[in-house]
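Engineer: The following block contains the structure, expressed as C-alpha cells.
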2 protein chains.
Amino acid sequence: MTDSQRPLGTDAITSQKRGELALFTDFYELTMLRAYEEHGMTDRAVFSLFVRKLPPGRNFLIACGVDDVLDALGSLVFAEEDIAYLSTQRAFAGSFLNRLAEFRFTGDVHAVPEGTPIFANEPILEIVAPIGEAQLIETLVLNQIGLQTILASKAARVVQAAQGRPVVDFGGRRAQGLDAAVKGVRAFFVAGVSATSNVLAGKKYGIPVTGTMAHSFIAACPSELEAFRRFAEVFPDTVLLVDTYDTLQGVRNVIELAHALAPSFHVRGIRLDSGDLLRLSLEARRMLDEAGLSLLKIFASGGLDEREIDRLLRAGAPIDAFGVGTDMSVSGDAPSLDIAYKLTEYGGTGRMKLSTGKRTLPGQKQVFREIRDGRAVRDVIGRFNEVLPGRPLLAPVMRKGRRLPHAHPTLAAIRAYAQDAFRVLPDDVQALAPVEHPFEVAISPMLAEDERRLREQIMKAIRSNAGGSG
Amino acid sequence: MTDSQRPLGTDAITSQKRGELALFTDFYELTMLRAYEEHGMTDRAVFSLFVRKLPPGRNFLIACGVDDVLDALGSLVFAEEDIAYLSTQRAFAGSFLNRLAEFRFTGDVHAVPEGTPIFANEPILEIVAPIGEAQLIETLVLNQIGLQTILASKAARVVQAAQGRPVVDFGGRRAQGLDAAVKGVRAFFVAGVSATSNVLAGKKYGIPVTGTMAHSFIAACPSELEAFRRFAEVFPDTVLLVDTYDTLQGVRNVIELAHALAPSFHVRGIRLDSGDLLRLSLEARRMLDEAGLSLLKIFASGGLDEREIDRLLRAGAPIDAFGVGTDMSVSGDAPSLDIAYKLTEYGGTGRMKLSTGKRTLPGQKQVFREIRDGRAVRDVIGRFNEVLPGRPLLAPVMRKGRRLPHAHPTLAAIRAYAQDAFRVLPDDVQALAPVEHPFEVAISPMLAEDERRLREQIMKAIRSNAGGSG
C-alpha cells in the first residue's frame, strides 16, 4: 500500500506533531543542505527576514510570531519516521540522513519585540548560524512570522477603527485552517482585540472567551420570544441576537421579555448581525431607551471590517462593541505579505541577489527608531554594530540555540508594549487612510556604502565572467 | 500564575493535539448546548453546509476537506484538561461538564464527493444528529471545509491556465499557518497540481515532492558558475536557478557548464524566478537551443497566478512547468468563502432564518446534476427523498458517528474523480474568465414549495407576535 492509498489518518486534521516540524520545510532546503555539506560549506551565515513592501493601502505592519518560532527552533529534530520518509527520496544518501538525525539548531537569533510596528525592508528577525541550519528553517520561519504579522497588522486597523470600543474575534470558522485560527487569536490580542469566541485559543493563551447564541438556537425554538425566554433563563446576563427573522421585531421581543421578567431581567445587550447596521442600531437604541432599557448595550457583527466600522461610527451608529470575523481572520484586503528570508552574509562577507526589483541589504543589521517629542520621526537601518541616534529595535533573543531568559515576555506584556509602540507612530501612519508620505525608512551611510560596494563587486564579477565565456 | 502569564509552550506552534479538537469551537456553541440540554431540546436536527455565493469573478468551487472532517468527527472527545479549562468559565456548571466529558458525535453525514465542482447554495455536506452534537461541530466543519474548498478551487484555475503543463506548489512559506500549508497541498493535488515543495505534506499524503536550489546557495558560492558546478556535482539531473544576478548571464553560465561537463552534463532545466518571464523565457529558449541544449526545460516561478500563467502562455512563452506559491496558497483574489452552516430542520420541521439577504433552504436536501451529451447542463436542489433527473451528488458517508466503509477513497481516486467531474462542466464555466450566464442551479418545485410555506408560516407568527405585543 503506497502512501497515497493509505486512508488519511486523524493527524491530517490535528496538524503537526512536534517531531514533524523539522519536515515543515521546502524540499530544496534539504538538497541545498546536502550540497553545502558535500562541498564543506559550513561557515556562519546571516539570514534576514523582512517584508519587501507594505501591502497596498497599508501604512505599517505589526511584527508578531517570533515566540512560536523560538519555541520551534529550540526543539527542532528529525524524528525517526521523518528520516525513514526522506530515505525514500532519491536525492538523499545514507550518510546525509545520519547527519540529519543529529540536526539541532545551534544559532543566534535577533528579533524586534513582538508588537513592534515595522516598515518595508526592516529586518523583523535575523538568524546567525551555520549556513545549513539557517537555510533549513526558512520555510517555517516565513510561514509563522508571516501569519501572525499579517493578522496582527490587520487587527490593529480594526481596533483603531473601533475607537476604544471592544472588538471581539469571531473568525475561527473562516480562518484558513486550525493553525491560523488559533495563532490568529494570539496575534489579534497582541494588536488590541479584547476577546475571542475561539475556545481552544482562549484556553491556549489565557485570552477571554465570549459568545452567547446563534440563529440556530432561535430557529429551533417555537418562537423568537420563547427562544429569548429560554436562553435568558439559563444565562440571565446574556446578549440576545435579534435579527433571525425581523430585527426590529426582535428588539420588541427583547422589550417584551424585559417587561415580563422585570425586575429579574438582567440581559446585558442585543446583537445585530445583518442588514443596515446604522439604521438598525439607531432605531434599536431609540426603542430600548424609550422602554427604559438604556443600560442594554448594542453589539454589532456580520461582514464587518475596519472600513465599515469606521463608516458606522463616523455616521453616529450607537454601537458599543463589534464582533469581527472573516475579513480580519484572513486579512481580506491583504491575505499575504511580500515577506522574504534572504542570505545577507556568508563566511564574513556580505551577500545579496540582484534579481529584478528585489533588494537585499547585506550583512547583519540594526534598525534605529528616532523619537522626537514622544513621536517616531523616522527609522534608520544600519549595520549591526553601528551606534546611531534612536532606539535600536532588534535585540538578541536566542543564543547558541537556547532562548535567552529575558525573551519570554507574557502575552499581557507584549500587548501593552504593542499599544505603546503603536501610539508613538505619527497620527497619519496610525490612521486607516493611506498616508500621503510613507513613514521614512533611511539606510545609514555605512550600510548604503556596504550595499554599493557589494553590488559593484558582483557586477564586476559578472562582467569578467561574461568576458571569460564570451 | 494565570494562563496569560504562562510562557507559551511548544504546542503553540505544533498546533492541536487530538484531544483539543473538540475545543476548536465557538464559545456560543457550548452555551447553546447547555441551553438545549436544560430545556430538553435533544431532537434530531439537520444542518446544511453551503456557500451563499461564489467569490467575485469565479465560476465554480471545488468541494474539498470532507475527509478531514469525518476523521475529526469520528474521534471528537473533550479531554480532561479541556473540561478543567471550561470549569473556569462562569457559564458552565458541573453537571453540564460531566455530560460534556461523555460527548461523542453519533450523527449521520451526507456529503458530495471531494473534488466535485459545486455552486452557490448547494449543500457540500449535511449533518443529521441530535441538535447539540450538530451544533458543537459547526466551527470545525466550516473551518476545515472552507479551507480546502477555497484552496482546491483556486488551484483548479491555476491548473486550467497551465494547459496541461505541470504546476508545482511552492507556497508553504506564504500559506496562512501550518495547517493551511499542509492541507492546502492535499487540496491542490485534488485539483490537479502535480507536486509540492512541502516535505511534510509530501510525507503525509504521499504526494511527489520536488525542488532544487535557492538564490542563497548561489550567493554563498564564490560565483554563479561555481555554484552551478557544485550543485550539479551533487545532483547531476537538477534544475539550475538562473536569475540571482543577471538572468541571461545565468543562462550563459548553464551553457558554459554544459560545455565543460559534456558528455556528463545531465542538468534537466533552468528556473526563471523574476523579471519579464515572457521575454526571458523566449531569449533563454533561443540561447539553449542554439547551444544544442534543446532538451533543457524552462521552469518559471515568482509571483505567478492563473492570470499571469494564462497571459504568458497565450503570448507564446516557451515555459514547460510552473512553480506557484503565494497567490495560490492563500487564494489571493478570494481568501475567504461566504460559507455557512445552517439549521434547516429540527424535530421533523423545516427551519430557516430570514436575516436580510441570507437564504436558507429548509430540510434535508439532495443536488441533482443533469448531464446531457456528456456535459452538465444544470443542477437542481431538491428534497432529500425526491427522485429527479440527473446524478445525485450527496451520498451518505457517516452513519451513527461511524464512517462508512466506502467513504475512504484514496487521494489518487479523488484526484481522478475531480478531473472527470471538472471536464463535465460547460467550457465557459471551466474557463478563467467570468461566465456571462452562471451555471444554472434550480430549486425543485417541491423544495420551493417547502421554502414558501415555511416563510409564510414564520411571517404569520411574527405578525401575530407583533400584534400580541403591540
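Convention: chains lettered A, B, ... in C-alpha cells order; per-chain residue numbering from 1; ligands numbered from 1 as shown.
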Give me the chain B side of the contact with chain A, cut-off 6 Å, one line per residue showing its nearest atom pair and distance in Å at one decimal, counting only C-alpha atoms, sorted by chain and residue number, as a Markdown table.
Structural biologist:
| residue | atom | partner | partner_atom | distance |
| --- | --- | --- | --- | --- |
| B:Asp3 | CA | A:Gly206 | CA | 4.4 |
| B:Ser4 | CA | A:Gly206 | CA | 4.5 |
| B:Gln5 | CA | A:Thr410 | CA | 4.9 |
| B:Thr10 | CA | A:Asp71 | CA | 5.3 |
| B:Ile13 | CA | A:Asp68 | CA | 5.4 |
| B:Thr14 | CA | A:Gln16 | CA | 5.2 |
| B:Ser15 | CA | A:Asp179 | CA | 5.9 |
| B:Gln16 | CA | A:Thr14 | CA | 5.2 |
| B:Lys17 | CA | A:Thr14 | CA | 5.8 |
| B:Arg18 | CA | A:Thr14 | CA | 5.7 |
| B:Leu23 | CA | A:Leu200 | CA | 4.9 |
| B:Phe24 | CA | A:Leu200 | CA | 5.1 |
| B:Thr25 | CA | A:Val199 | CA | 5.9 |
| B:Asp26 | CA | A:Ser197 | CA | 4.9 |
| B:Phe27 | CA | A:Ser197 | CA | 5.1 |
| B:Tyr28 | CA | A:Gly211 | CA | 4.6 |
| B:Asp68 | CA | A:Ile13 | CA | 5.4 |
| B:Asp71 | CA | A:Thr10 | CA | 5.3 |
| B:Thr139 | CA | A:Arg173 | CA | 4.7 |
| B:Leu142 | CA | A:Arg173 | CA | 5.3 |
| B:Asn143 | CA | A:Arg173 | CA | 4.4 |
| B:Leu147 | CA | A:Gln176 | CA | 5.2 |
| B:Arg173 | CA | A:Asn143 | CA | 4.4 |
| B:Arg174 | CA | A:Asn143 | CA | 5.5 |
| B:Gln176 | CA | A:Leu147 | CA | 5.2 |
| B:Gly177 | CA | A:Ala180 | CA | 5.1 |
| B:Leu178 | CA | A:Asp179 | CA | 5.9 |
| B:Asp179 | CA | A:Asp179 | CA | 5.4 |
| B:Ala180 | CA | A:Gly177 | CA | 5.1 |
| B:Ser197 | CA | A:Asp26 | CA | 4.9 |
| B:Asn198 | CA | A:Asp26 | CA | 4.9 |
| B:Val199 | CA | A:Leu23 | CA | 5.7 |
| B:Leu200 | CA | A:Leu23 | CA | 4.9 |
| B:Tyr205 | CA | A:Ser4 | CA | 5.7 |
| B:Gly206 | CA | A:Asp3 | CA | 4.4 |
| B:Thr210 | CA | A:Phe27 | CA | 5.9 |
| B:Gly211 | CA | A:Tyr28 | CA | 4.6 |
| B:Thr212 | CA | A:Tyr28 | CA | 4.6 |
| B:Met213 | CA | A:Tyr28 | CA | 5.3 |
| B:Ser216 | CA | A:Leu343 | CA | 5.4 |
| B:Ala219 | CA | A:Arg351 | CA | 6.0 |
| B:Ala220 | CA | A:Tyr346 | CA | 6.0 |
| B:Asp243 | CA | A:Ser355 | CA | 5.8 |
| B:Thr244 | CA | A:Lys353 | CA | 5.1 |
| B:Tyr245 | CA | A:Leu354 | CA | 4.6 |
| B:Gly275 | CA | A:Thr356 | CA | 5.4 |
| B:Leu343 | CA | A:Ser216 | CA | 5.4 |
| B:Tyr346 | CA | A:Ala220 | CA | 6.0 |
| B:Arg351 | CA | A:Ala219 | CA | 5.9 |
| B:Lys353 | CA | A:Thr244 | CA | 5.1 |
| B:Leu354 | CA | A:Tyr245 | CA | 4.6 |
| B:Ser355 | CA | A:Thr244 | CA | 5.3 |
| B:Thr356 | CA | A:Gly275 | CA | 5.4 |
| B:Thr410 | CA | A:Gln5 | CA | 4.9 |
| B:Leu411 | CA | A:Ser4 | CA | 5.8 |
Engineer: As a PyMOL selection string, please: the residues near segment 422-431 of chain A (cut-off 8 Å, only C-alpha atoms, same-chain neighbours under 2 positions excluded).
Structural biologist: chain A and resi 59-60+116-117+157+160+374-377+418-420+433-435+438-439
Engineer: Apply DSSP to the backbone of this structure and, from segment 188-375 of chain A, keep only the residues in strand (DSSP E or B); write these as a ChimeraX atom specification.
Structural biologist: /A:195-196,198,209,239-241,269-272,297-300,321-324,339-346,349-350,365-372,375
Engineer: Tell me, as a PDB file with C-alpha atoms, in the first residue's frame, which residues lie within 7 Å of Leu240 of chain B, counting only C-alpha atoms; anything in the same chain fewer than 4 positions away does not count.
Structural biologist:
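Final output, saved to selection-v2.pdb:
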ATOM      1  CA  PHE B 228      26.075  25.582 -10.714  1.00  0.00           C
ATOM      2  CA  GLY B 269      16.395  22.508 -16.889  1.00  0.00           C
ATOM      3  CA  ILE B 270      16.651  26.085 -15.746  1.00  0.00           C
ATOM      4  CA  ARG B 271      14.381  28.105 -13.498  1.00  0.00           C
TER       5      ARG B 271
END
Engineer: Based on the backbone DSSP call, show me all residues of segment 104-329 of chain A assigned helix (DSSP H, G or I), as a PyMOL selection string.
Structural biologist: chain A and resi 131-136+138-161+171-173+178-190+199-205+215-220+224-234+247-261+277-290+306-314+326-329
Engineer: Could you check the closest approach to Met287 of chain A for each of A:Gly325, A:Val254, A:Ala101, A:Val397 and tell me which residue wins, using only C-alpha atoms?
Structural biologist: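 The closest residue to Met287 of chain A is A:Val254.
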Engineer: Just to confirm, what's the straight-line distance from atom CA of His437 of chain A to atom CA of Lys365 of chain A in Å (one decimal)?
Structural biologist: 24.8 Å
Engineer: Between atom CA of Leu54 of chain A and atom CA of Arg415 of chain A, what is the spacing in Å?
Structural biologist: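 Distance between the two atoms: 22.2 Å.
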Engineer: Find the distance between atom CA of Glu80 of chain A and atom CA of Leu100 of chain A and write it in Å to one decimal.
Structural biologist: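 That distance, rounded to one decimal, is 10.2 Å.
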